[in-house]
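Engineer: Before I ask anything, let me first share the structure, which is written out below as structure tokens.
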Amino acid sequence: MNSDWYKEKSFYQIWIRSFKDGNGDGIGDLYGVYEKLEYIKSLGVDGIWFSPIYPSPNADFGYDISDYKNIHPDYGDLDQFKKVLARAHELGLKVIMDLVVNHTSDEHPWFQESRKGKDNPYSDYYIWRDKPNNWDSLFEGKAWEYDKVRKQYYLHIFAKKQPDLNMDNPKVREEVKSILRFWLDMGVDGFREDVINFISKHEKLPNGLPFLPAVNGLPYYKDGPHIYEYMEEFREVCSQYDCFQLGEGPLTTVKSALKYLTGPKKSLDMMFSFDHMMADCIYTEYVHRPFSLVKLKKAFTKWQKALNGRAWNALYLENHDHPRVISRYGDEKYWRASGTMLAMSYLFQQGTPFVYQGQEIGMMNIRLKSISDYVDVSSLTNFNRYHLKDSIEKRLERIWHSSRDSSRTPMQWTGGRYAGFSKKEPWFYVNPNYENGVNVEAEEKDPYSILNFYRKCLKLRKSSNVLLWGSYREFFPNDPHVYVYERRLCDVSCLIICSFSDKPVRVKLPKEYAGRKRKLLLCNYPRGSHSSGRLDGLPEGEQGWFRPYEARIYRVQ
Ligand code: NOJ
């Protein structure tokens with residue numbers, strides 16, 4: 001049974017280490033999550049996606065798993081997880097887990113056995129070779145590491161401490177199925193499947209293109225030769241439950257995503273794509289360039305159009321892998337306006353929205369003084385590997401802009417000590433702006449806060465058939481300042497207009513909207529605050545001025 005319940009829902013992503021400390025050790029945990037379930041529910045979301053909460057040495061903060069069927073002691077235990085699950089379900093919240101099976105931790109017992117030798121029962125659980133090929137890893141130099149015990153090289157597409165599993169081994173696939181069953185039997189509602197399009201490698205592991213640093217091996221491990229067979233096997237297990245499967249598809253194209261999402265061999269319900277995360281960079285962190293709204297819109301529209309009527313989009317602007325979006329696509333100087341505008345730019349598209357912890361209060365990037373303050377493996381590699389001719393200051397500035405650590409600072413709950421995240425000094429730096437109103441407590445009290453705006457948007461989406469099911473169309477794709485899109489169902493449309501400019505911009509209605517009756521459903525500036533004293537930002541009828549980062553949604557009949 002794979003039903004479509006996920007289409008009407010929206011999700012909140014928890015990266016637990018920085019969410020809420022409930023037991024006073026400076027680290028977020030399941031006790032903290034339990035305390036905050038009502039808060040999550042109050043946002044108007046319908047489910048939680050937990051980034052990994054399993055035992056892990058934290059070389060990649062949970063994405064290096066050393067035991068798939070347990071909870072990291074820093075976060076609690078299985079009993080506490082069951083309590084959270086039961087309470088979440090009572091509140092009507094679905095719970096999805098992260099399934100990370102492209103690789104394990106090198107401290108996983110399978111790897112510890114595998115490295116012992118070729119006649120070990122776990123010998124073929126990983127990908128071992130006498131001679132490495134030329135692939136780079138995505139996180140730490142070359143993709144092969146020599147193991148002194150086994151006297152061979154093992155493959156790691158990510159960090160050295162994340163050896164890739166050999167999915168061609170049927171025993172490994174049985175292990176994956178057993179992990180799925182373990183959590184599904186406990187009652188979880190689905191999985192977000194980490195880098196799932198990488199799990200099948202080309203058998204011969206040929207050399208990659210030498211001129212593409214970091215991704216030179218990609219053509220030989222992305223959408224690999226047996227991927228769809230393996231995905232079908234996993235789908236088969238999930239279909240015995242009412243399980244929702246969301247794949248993460250780094251660098252996926254529309255064409256290859258549709259292979260997972262459609263047809264009788266459909267193996268995923270949705271896929272996280274990355275195109276819209278490259279409006280200010282290439283491959284998320286490697287090459288930074290100025291933000292381009294035209295690029296962002298092109299990416300949005302490409303996915304909206306291609307999936308319409310065939311598959312379903314997973315909508316997001318932030319997660320634990322991308323820096324804070326106000327600092328990237330918005331403007332910290334226009335914190336409230338750009339934070340709320342960004343919400344409207346994606347929450348009303350067709351698909352299931354995901355909101356990342358702290359996004360709903362407009363958290364922003366942190367700027368730490370020295371590279372030694374950063375802890376994310378890929379940030380450290382980027383600093384030490386790319387643009388080495390630049391000054392330290394310039395390289396650090398790039399880290400401020402791009403580091404994953406910026407989205408991993410502790411959640412800002414109050415204006416008090418440690419932002420109310422913990423009673424003890426937190427495991428990582430808190431962004432000092434919690435003292436300037438960027439915190440849940442302050443925003444709860446403010447009817448026009450970013451927090452309350454997210455609530456309004458999520459409520460509106462859910463209450464509108466047009467916003468849930470309507471088709472998507474973009475207007476003025478080449479306009480460098482304004483994003484205008486329509487959702488339409490039969491004769492009713494919603495028109496969403498978002499200014500991405502820090503200056504007032506002239507906005508005009510699309511031609512076919514001329515003379516039609518429109519009703520303003522939501523605006524990100526408080527009522528009556530328009531300079532003309534009028535509520536409508538299009539006071540002259542078909543055109544008008546939008547204030548910096550102003551966003552509006554109209555219902556038009
Ligand atoms: C994608 C995850 O979102 C990211 O955090 C992780 O580092 C890589 N996959 C490797 O697991």
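Going by the structure tokens order, chains are called A, B, ..., each with residues numbered from 1, while ligands are numbered from 1 in the order shown.
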Would you tabulate, counting only C-alpha atoms, all residues of stretch 392-493 of chain A that have an atom at most 7 Å from an atom of stretch 309-330 of chain A, showing the closest pair of atoms and their distance in Å to one decimal, sorted by chain then ascending number, as CSV?

Structural biologist:
residue,atom,partner,partner_atom,distance
A:Ser402,CA,A:Pro323,CA,5.9
A:Ser403,CA,A:Pro323,CA,6.2
A:Arg404,CA,A:Asp321,CA,5.1
A:Ser406,CA,A:Pro323,CA,5.3
A:Ser407,CA,A:Pro323,CA,5.1
A:Arg408,CA,A:His320,CA,6.3

Engineer: Throw together the list of residues within 7 Å of ligand 1, counting only C-alpha atoms and all ligand atoms, and drop it here as an MDAnalysis selection string.

Structural biologist: chainID A and resid 60 63:64 100 158 194:195 320:321

Engineer: May I have all residues of stretch 321-424 of chain A that DSSP, computed from the backbone, assigns to strand (DSSP E or B), given as a PyMOL selection string?

Structural biologist: chain A and resi 352-356

Engineer: Those residues with C-alpha atoms, as a compact mmCIF listing (two decimals), in the first residue's frame please?

Structural biologist:
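Dumped everything to result_24.txt:
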# COMPACT_ATOMS: atom_id res chain seq x y z
CA THR A 352 4.89 19.05 -0.38
CA PRO A 353 6.74 21.77 1.55
CA PHE A 354 9.55 21.15 4.01
CA VAL A 355 10.54 23.75 6.59
CA TYR A 356 13.92 23.35 8.26

Engineer: Write out as a list in words which residues come within 8 Å of A:Leu138 when counting only C-alpha atoms, dropping same-chain ones fewer than 4 positions away.

Structural biologist: Ala143, Ile157, Phe158, Ala159, Ala214, Val215 and Ser378 of chain A

Engineer: Please produce a file of the residues just selected, as a compact mmCIF listing (two decimals), in the first residue's frame, where the atoms kept are N, CA and C atoms.

Structural biologist:
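Here's the written file again.txt:
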# COMPACT_ATOMS: atom_id res chain seq x y z
N ALA A 143 38.77 9.55 -3.51
CA ALA A 143 37.64 8.71 -3.05
C ALA A 143 38.09 7.34 -2.55
N ILE A 157 32.67 7.81 -1.32
CA ILE A 157 32.25 8.97 -2.14
C ILE A 157 32.19 10.22 -1.26
N PHE A 158 31.96 10.01 0.03
CA PHE A 158 31.91 11.18 0.93
C PHE A 158 33.20 11.19 1.77
N ALA A 159 33.12 11.30 3.10
CA ALA A 159 34.35 11.44 3.90
C ALA A 159 35.05 10.08 4.06
N ALA A 214 36.09 16.92 -7.75
CA ALA A 214 35.09 16.44 -6.79
C ALA A 214 34.02 15.54 -7.42
N VAL A 215 33.60 15.84 -8.64
CA VAL A 215 32.51 15.04 -9.21
C VAL A 215 32.97 14.24 -10.43
N SER A 378 32.98 19.04 5.18
CA SER A 378 33.07 19.57 3.82
C SER A 378 33.50 21.04 3.82

Engineer: Write out as a PDB file with N, CA and C atoms, in the first residue's frame each polymer residue whose atoms come within 10 Å of stretch 488-493 of chain A, counting only C-alpha atoms; drop sequence neighbours fewer than 2 positions from it.

Structural biologist:
ATOM      1  N   ASN A 465      -7.854  24.449  -2.271  1.00  0.00           N
ATOM      2  CA  ASN A 465      -7.675  23.433  -3.309  1.00  0.00           C
ATOM      3  C   ASN A 465      -6.820  23.941  -4.462  1.00  0.00           C
ATOM      4  N   VAL A 466      -6.924  25.242  -4.714  1.00  0.00           N
ATOM      5  CA  VAL A 466      -6.112  25.811  -5.802  1.00  0.00           C
ATOM      6  C   VAL A 466      -4.627  25.665  -5.459  1.00  0.00           C
ATOM      7  N   LEU A 467      -4.281  26.006  -4.206  1.00  0.00           N
ATOM      8  CA  LEU A 467      -2.860  25.941  -3.822  1.00  0.00           C
ATOM      9  C   LEU A 467      -2.379  24.500  -3.664  1.00  0.00           C
ATOM     10  N   LEU A 468      -3.277  23.615  -3.282  1.00  0.00           N
ATOM     11  CA  LEU A 468      -2.854  22.216  -3.143  1.00  0.00           C
ATOM     12  C   LEU A 468      -2.715  21.545  -4.509  1.00  0.00           C
ATOM     13  N   TRP A 469      -3.722  21.735  -5.345  1.00  0.00           N
ATOM     14  CA  TRP A 469      -3.797  20.887  -6.546  1.00  0.00           C
ATOM     15  C   TRP A 469      -3.641  21.621  -7.864  1.00  0.00           C
ATOM     16  N   GLY A 470      -3.727  22.956  -7.816  1.00  0.00           N
ATOM     17  CA  GLY A 470      -3.749  23.714  -9.062  1.00  0.00           C
ATOM     18  C   GLY A 470      -2.475  23.574  -9.884  1.00  0.00           C
ATOM     19  N   SER A 471      -2.608  23.902 -11.174  1.00  0.00           N
ATOM     20  CA  SER A 471      -1.431  23.854 -12.053  1.00  0.00           C
ATOM     21  C   SER A 471      -0.566  25.090 -11.786  1.00  0.00           C
ATOM     22  N   TYR A 472       0.633  25.091 -12.321  1.00  0.00           N
ATOM     23  CA  TYR A 472       1.601  26.163 -12.068  1.00  0.00           C
ATOM     24  C   TYR A 472       1.942  26.851 -13.374  1.00  0.00           C
ATOM     25  N   ARG A 473       2.071  28.160 -13.308  1.00  0.00           N
ATOM     26  CA  ARG A 473       2.538  28.898 -14.475  1.00  0.00           C
ATOM     27  C   ARG A 473       3.340  30.103 -14.008  1.00  0.00           C
ATOM     28  N   TYR A 485       4.109  33.959 -10.049  1.00  0.00           N
ATOM     29  CA  TYR A 485       3.591  32.664 -10.498  1.00  0.00           C
ATOM     30  C   TYR A 485       2.136  32.494 -10.138  1.00  0.00           C
ATOM     31  N   GLU A 486       1.531  31.632 -10.899  1.00  0.00           N
ATOM     32  CA  GLU A 486       0.098  31.418 -10.752  1.00  0.00           C
ATOM     33  C   GLU A 486      -0.149  29.956 -10.416  1.00  0.00           C
ATOM     34  N   LEU A 495      -2.557  34.204  -7.616  1.00  0.00           N
ATOM     35  CA  LEU A 495      -1.393  34.831  -8.235  1.00  0.00           C
ATOM     36  C   LEU A 495      -0.454  35.261  -7.115  1.00  0.00           C
ATOM     37  N   ILE A 496       0.783  34.794  -7.201  1.00  0.00           N
ATOM     38  CA  ILE A 496       1.750  35.105  -6.150  1.00  0.00           C
ATOM     39  C   ILE A 496       2.814  36.016  -6.757  1.00  0.00           C
ATOM     40  N   TYR A 513      -4.726  39.036 -16.506  1.00  0.00           N
ATOM     41  CA  TYR A 513      -5.337  39.373 -15.222  1.00  0.00           C
ATOM     42  C   TYR A 513      -6.001  40.755 -15.238  1.00  0.00           C
ATOM     43  N   ARG A 518      -9.882  40.763  -8.040  1.00  0.00           N
ATOM     44  CA  ARG A 518      -8.887  40.061  -7.233  1.00  0.00           C
ATOM     45  C   ARG A 518      -9.048  40.398  -5.761  1.00  0.00           C
ATOM     46  N   TYR A 554      -2.856  36.876  -4.347  1.00  0.00           N
ATOM     47  CA  TYR A 554      -4.235  37.269  -4.667  1.00  0.00           C
ATOM     48  C   TYR A 554      -5.020  36.055  -5.130  1.00  0.00           C
ATOM     49  N   ARG A 555      -6.284  36.081  -4.792  1.00  0.00           N
ATOM     50  CA  ARG A 555      -7.195  35.101  -5.385  1.00  0.00           C
ATOM     51  C   ARG A 555      -7.942  35.816  -6.506  1.00  0.00           C
ATOM     52  N   VAL A 556      -7.948  35.234  -7.660  1.00  0.00           N
ATOM     53  CA  VAL A 556      -8.541  35.914  -8.811  1.00  0.00           C
ATOM     54  C   VAL A 556      -9.562  35.009  -9.473  1.00  0.00           C
ATOM     55  N   GLN A 557     -10.739  35.612  -9.796  1.00  0.00           N
ATOM     56  CA  GLN A 557     -11.777  34.786 -10.425  1.00  0.00           C
ATOM     57  C   GLN A 557     -12.188  35.341 -11.765  1.00  0.00           C
TER      58      GLN A 557
END

Engineer: Just asking: which residues within stretch 155-392 of chain A are helix (DSSP H, G or I) according to DSSP, as JSON, numbers by chain?

Structural biologist: {"A": [170, 171, 172, 173, 174, 175, 176, 177, 178, 179, 180, 181, 182, 183, 184, 185, 186, 196, 197, 198, 218, 219, 220, 221, 227, 228, 229, 230, 231, 232, 233, 234, 235, 236, 237, 238, 254, 255, 256, 257, 258, 259, 260, 261, 275, 276, 277, 278, 293, 294, 295, 296, 297, 298, 299, 300, 301, 302, 303, 304, 305, 306, 307, 325, 326, 327, 328, 332, 333, 334, 335, 336, 337, 338, 339, 340, 341, 342, 343, 344, 345, 346, 347, 359, 360, 361, 371, 372, 373, 377, 378, 379, 380, 381, 382, 383, 384, 385, 392]}

Engineer: Please provide as a PyMOL selection string all residues within 9 Å of A:Thr253, with the sequence filter that same-chain residues fewer than 6 positions apart are discarded (counting only C-alpha atoms).

Structural biologist: chain A and resi 273-275

Engineer: Restricting it to C-alpha atoms, dump the selection as a JSON list (two decimals), in the first residue's frame.

Structural biologist:
[["chain", "number", "residue", "atom", "x", "y", "z"],
["A", 273, "SER", "CA", 16.27, 18.10, -6.32],
["A", 274, "PHE", "CA", 19.12, 20.60, -6.15],
["A", 275, "ASP", "CA", 18.79, 22.91, -9.18]]
